[in-house]
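Below is one structure; the comments refer to it alone.
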Amino acid sequence: MSSVLSFGAALWVAAAIAIALNAYALMGGADFGGGVWDLLARGERADRQRTLIADAIGPIWEANHVWLILVIVLLFTGFPPAFARLTTVLHVPLTLMLVGIVLRGSAFTFRSYGGRGDATQRRWGRTFAVASVITPFLLGVVIGAVAAGRVQPVEGKGFAEAYVAPWLSPFPIAVGAMALALFAFLAAVYLTVAAPDDALREDFRRRALAAAAAVFVTAFGALALAPRHAPLVAAALGGGPFAVVIHVATAIAALGAIAALYSRRYRLARVAAAAQVSLVLWGWAVAQLPWIVPPDLDLAASAAPAATLRLLLVALGFGAILLGPSLWYLFRLFGARVR
């Protein structure tokens, strides 16, 4: 009975991790995507495009990292062996990702509040934009390495075999490209709603449609590589009991977002795009069950003691009571100001 209760608590903690990742993708991912469009801003309205991006993400982008912090805390408290394995084997991309987050935030701040010379603005703007491209790509690479089952013990291996090969391979790179395309798509759709006039709205509408095509290409590439490089996830997505539901729901959301963009129903497109990104993430999370780090660390093997898990869930509940209303008020306050 105690083992059943422990597994149930571990499953709830794992679900909380997936929910936090989902929130980070929808909020922080859109911020990263905004940096992508900052880098690609072109034409006579390039400066206005960058101003819109800064106005949209400026007041709230730092708060969105709370979800990533929550993922880290839940992982090292609830599943210590998995946390140790992940942060050891994948320390190179995780460190680069952390550097990207810091560089991105610093550059955004210096561009906004530092020197106003054109050269200074361009230098900090370029740093912000490049970091916004590299960081979500590395996040996708980390997820791809985990899904591929390449995060394995390092004993007896050389540095390259232990710490580079697990993530520098075709499937993780394909998932990294897919994550970057998804975040760019999400940001462009969000910015069609935030745009103050039709000209800017049309700019980001075209970018959203181009990003939707990039999502299709990168998703097809990742799925094509999965049977060979990520067999556990490929088998679940190809023949699991939930596979048809996930595929159909994701296709409906993706086509709905594209149709809403074509018909210029931007708020509906925002809902459909968010649903598409969420379904992609939950498809991976459910396909990987019961593994935290496949192929040898599952929920039961890597979970903390049952007492720790129960206390963690209680703390998480109290934290949600404080965090939920605070974030809602933050978004409502600054969202109204941007509008």
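Here's how to read the names in the structure tokens: chain A, B, ... by the order shown, residue numbers from 1 in each chain, ligand numbers from 1 in the order shown.
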
Which residues of range 190-269 of chain A sit at most 12 Å from range 14-33 of chain A, using only C-alpha atoms? Give each one's shortest atom pair and distance in Å (one decimal place), in chain and ascending residue order, as a tab-separated table.
```
residue	atom	partner	partner_atom	distance
A:Tyr190	CA	A:Ala30	CA	7.7
A:Leu191	CA	A:Ala30	CA	9.4
A:Phe204	CA	A:Gly33	CA	11.8
A:Arg207	CA	A:Gly33	CA	11.2
A:Ala208	CA	A:Gly33	CA	10.7
A:Ala211	CA	A:Gly33	CA	10.2
```

Please produce, as a Markdown table, a per-residue contact table for range 194-308 of chain A versus range 38-62 of chain A (criterion: any atom at most 9 Å away, only C-alpha atoms considered), showing the nearest atom pair and its distance in Å to one decimal, sorted by chain then residue number.
```
| residue | atom | partner | partner_atom | distance |
| --- | --- | --- | --- | --- |
| A:Ala194 | CA | A:Ala56 | CA | 7.0 |
| A:Ala195 | CA | A:Leu52 | CA | 6.9 |
| A:Pro196 | CA | A:Leu52 | CA | 8.4 |
| A:Ala199 | CA | A:Arg45 | CA | 8.6 |
| A:Leu200 | CA | A:Gln49 | CA | 6.9 |
| A:Asp203 | CA | A:Gln49 | CA | 8.4 |
| A:Phe204 | CA | A:Gln49 | CA | 8.7 |
```

Using only C-alpha atoms, find each residue of range 217-263 of chain A with at least one atom at most 10 Å away from an atom of range 293-317 of chain A; report its shortest atom-to-atom pair and that distance in Å (one decimal), sort the rows by chain and rising residue number, and return the result as CSV.
```
residue,atom,partner,partner_atom,distance
A:Ala230,CA,A:Pro294,CA,9.8
A:Leu232,CA,A:Pro294,CA,8.2
A:Val233,CA,A:Pro294,CA,9.6
```

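In this comparison, which uses only C-alpha atoms, the residue of A:Ile292, A:Ile134, A:Ala162, A:Ala273 approaching Gly78 in chain A most closely is A:Ile292.
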
query = So what do you get for CA of Val164 in chain A versus CA of Leu90 in chain A, distance-wise?
reply = 7.9 Å

message = Neighbouring residues of range 219-225 of chain A were defined as those with any atom within 8 Å, considering only C-alpha atoms; residues of the same chain fewer than 6 positions away were excluded. Please report them as a PyMOL selection string.
response = chain A and resi 170-171+174-175+178+234

Alpha helix (DSSP H) call set, DSSP backbone run, range 234-313 of chain A, as a PDB file with C-alpha atoms, in the first residue's frame:
```
ATOM      1  CA  ALA A 234       8.250   6.714 -31.147  1.00  0.00           C
ATOM      2  CA  ALA A 235       6.516   3.495 -30.130  1.00  0.00           C
ATOM      3  CA  ALA A 236       4.182   5.321 -27.741  1.00  0.00           C
ATOM      4  CA  LEU A 237       3.356   8.026 -30.279  1.00  0.00           C
ATOM      5  CA  GLY A 238       2.970   5.519 -33.074  1.00  0.00           C
ATOM      6  CA  GLY A 239       0.859   2.860 -31.416  1.00  0.00           C
ATOM      7  CA  ALA A 243      -1.567   8.294 -29.878  1.00  0.00           C
ATOM      8  CA  VAL A 244      -4.566   8.840 -32.154  1.00  0.00           C
ATOM      9  CA  VAL A 245      -6.144  11.296 -29.726  1.00  0.00           C
ATOM     10  CA  ILE A 246      -2.917  13.309 -29.396  1.00  0.00           C
ATOM     11  CA  HIS A 247      -2.273  13.381 -33.147  1.00  0.00           C
ATOM     12  CA  VAL A 248      -5.830  14.362 -34.043  1.00  0.00           C
ATOM     13  CA  ALA A 249      -6.065  17.027 -31.345  1.00  0.00           C
ATOM     14  CA  THR A 250      -2.687  18.522 -32.322  1.00  0.00           C
ATOM     15  CA  ALA A 251      -3.646  18.570 -36.008  1.00  0.00           C
ATOM     16  CA  ILE A 252      -6.964  20.253 -35.217  1.00  0.00           C
ATOM     17  CA  ALA A 253      -5.219  22.907 -33.111  1.00  0.00           C
ATOM     18  CA  ALA A 254      -2.557  23.545 -35.763  1.00  0.00           C
ATOM     19  CA  LEU A 255      -5.039  23.787 -38.637  1.00  0.00           C
ATOM     20  CA  GLY A 256      -7.347  25.896 -36.488  1.00  0.00           C
ATOM     21  CA  ALA A 257      -4.535  28.356 -35.765  1.00  0.00           C
ATOM     22  CA  ILE A 258      -3.623  28.624 -39.440  1.00  0.00           C
ATOM     23  CA  ALA A 259      -7.264  29.043 -40.482  1.00  0.00           C
ATOM     24  CA  ALA A 260      -7.794  31.724 -37.832  1.00  0.00           C
ATOM     25  CA  LEU A 261      -4.704  33.585 -39.064  1.00  0.00           C
ATOM     26  CA  TYR A 262      -5.936  33.449 -42.654  1.00  0.00           C
ATOM     27  CA  TYR A 266      -6.354  36.725 -34.025  1.00  0.00           C
ATOM     28  CA  ARG A 267      -7.698  35.925 -30.574  1.00  0.00           C
ATOM     29  CA  LEU A 268      -8.926  32.553 -31.789  1.00  0.00           C
ATOM     30  CA  ALA A 269      -5.516  31.976 -33.392  1.00  0.00           C
ATOM     31  CA  ARG A 270      -3.858  32.711 -30.038  1.00  0.00           C
ATOM     32  CA  VAL A 271      -5.967  30.082 -28.278  1.00  0.00           C
ATOM     33  CA  ALA A 272      -5.355  27.491 -31.002  1.00  0.00           C
ATOM     34  CA  ALA A 273      -1.593  28.152 -31.089  1.00  0.00           C
ATOM     35  CA  ALA A 274      -1.334  27.803 -27.319  1.00  0.00           C
ATOM     36  CA  ALA A 275      -3.302  24.546 -27.525  1.00  0.00           C
ATOM     37  CA  GLN A 276      -0.991  23.241 -30.253  1.00  0.00           C
ATOM     38  CA  VAL A 277       2.175  23.934 -28.248  1.00  0.00           C
ATOM     39  CA  SER A 278       0.609  22.422 -25.124  1.00  0.00           C
ATOM     40  CA  LEU A 279      -0.459  19.263 -26.945  1.00  0.00           C
ATOM     41  CA  VAL A 280       3.021  18.771 -28.396  1.00  0.00           C
ATOM     42  CA  LEU A 281       4.571  19.002 -24.929  1.00  0.00           C
ATOM     43  CA  TRP A 282       1.998  16.752 -23.265  1.00  0.00           C
ATOM     44  CA  GLY A 283       2.311  14.242 -26.080  1.00  0.00           C
ATOM     45  CA  TRP A 284       6.013  13.908 -25.262  1.00  0.00           C
ATOM     46  CA  ALA A 285       5.399  13.800 -21.499  1.00  0.00           C
ATOM     47  CA  VAL A 286       2.727  11.088 -21.674  1.00  0.00           C
ATOM     48  CA  ALA A 287       4.656   9.076 -24.275  1.00  0.00           C
ATOM     49  CA  GLN A 288       7.653   8.958 -21.952  1.00  0.00           C
ATOM     50  CA  LEU A 299       9.058   7.285 -11.420  1.00  0.00           C
ATOM     51  CA  ALA A 300       9.356   4.577  -8.793  1.00  0.00           C
ATOM     52  CA  ALA A 301      13.139   4.159  -9.042  1.00  0.00           C
ATOM     53  CA  SER A 302      14.023   7.847  -8.910  1.00  0.00           C
ATOM     54  CA  ALA A 306       6.972   9.197   0.223  1.00  0.00           C
ATOM     55  CA  ALA A 307       7.091  11.635   3.152  1.00  0.00           C
ATOM     56  CA  THR A 308       9.211  14.038   1.117  1.00  0.00           C
ATOM     57  CA  LEU A 309       6.834  13.825  -1.831  1.00  0.00           C
ATOM     58  CA  ARG A 310       3.796  14.507   0.342  1.00  0.00           C
ATOM     59  CA  LEU A 311       5.440  17.531   1.965  1.00  0.00           C
ATOM     60  CA  LEU A 312       6.490  18.752  -1.472  1.00  0.00           C
ATOM     61  CA  LEU A 313       2.917  18.529  -2.754  1.00  0.00           C
TER      62      LEU A 313
END
```

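The gap separating CA of Leu94 in chain A from CA of Ile173 in chain A is 14.3 Å, in Å to one decimal.
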
query = Which residues, written as a PyMOL selection string, have at least one atom at most 8 Å from Ala212 in chain A, with only C-alpha atoms counted and residues fewer than 3 positions away on the same chain left out?
reply = chain A and resi 181-182+185+208-209+215-216+258

Closest pair table for range 31-102 of chain A residues within 12 Å of range 142-149 of chain A, only C-alpha atoms, as a tab-separated table:
```
residue	atom	partner	partner_atom	distance
A:Ala82	CA	A:Val146	CA	10.6
A:Phe83	CA	A:Val146	CA	11.8
A:Arg85	CA	A:Val146	CA	10.5
A:Leu86	CA	A:Val146	CA	8.2
A:Thr87	CA	A:Val142	CA	10.3
A:Val89	CA	A:Ala145	CA	10.0
A:Leu90	CA	A:Val142	CA	7.1
A:His91	CA	A:Val142	CA	9.8
A:Val92	CA	A:Val142	CA	9.9
A:Pro93	CA	A:Val142	CA	7.0
A:Leu94	CA	A:Val142	CA	7.5
A:Thr95	CA	A:Val142	CA	11.2
A:Leu96	CA	A:Val142	CA	11.1
A:Met97	CA	A:Val142	CA	9.7
```

query = Running DSSP on the backbone, which parts of range 95-323 of chain A land in strand (DSSP E or B), as a ChimeraX atom specification?
reply = /A:291-293,297-298

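Proximity ranking of A:Pro80, A:Trp67, A:Arg264, A:Thr109 relative to Asp198 in chain A places A:Arg264 first, based on only C-alpha atoms.
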
ask   = How many Å separate CA of Pro136 in chain A from CA of Phe334 in chain A?
value = 24.4 Å

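Among the candidates A:Leu289, A:Leu103, A:Ala188, A:Ala165, the residue lying nearest to Ala10 in chain A is A:Leu289 (atoms considered: only C-alpha atoms).
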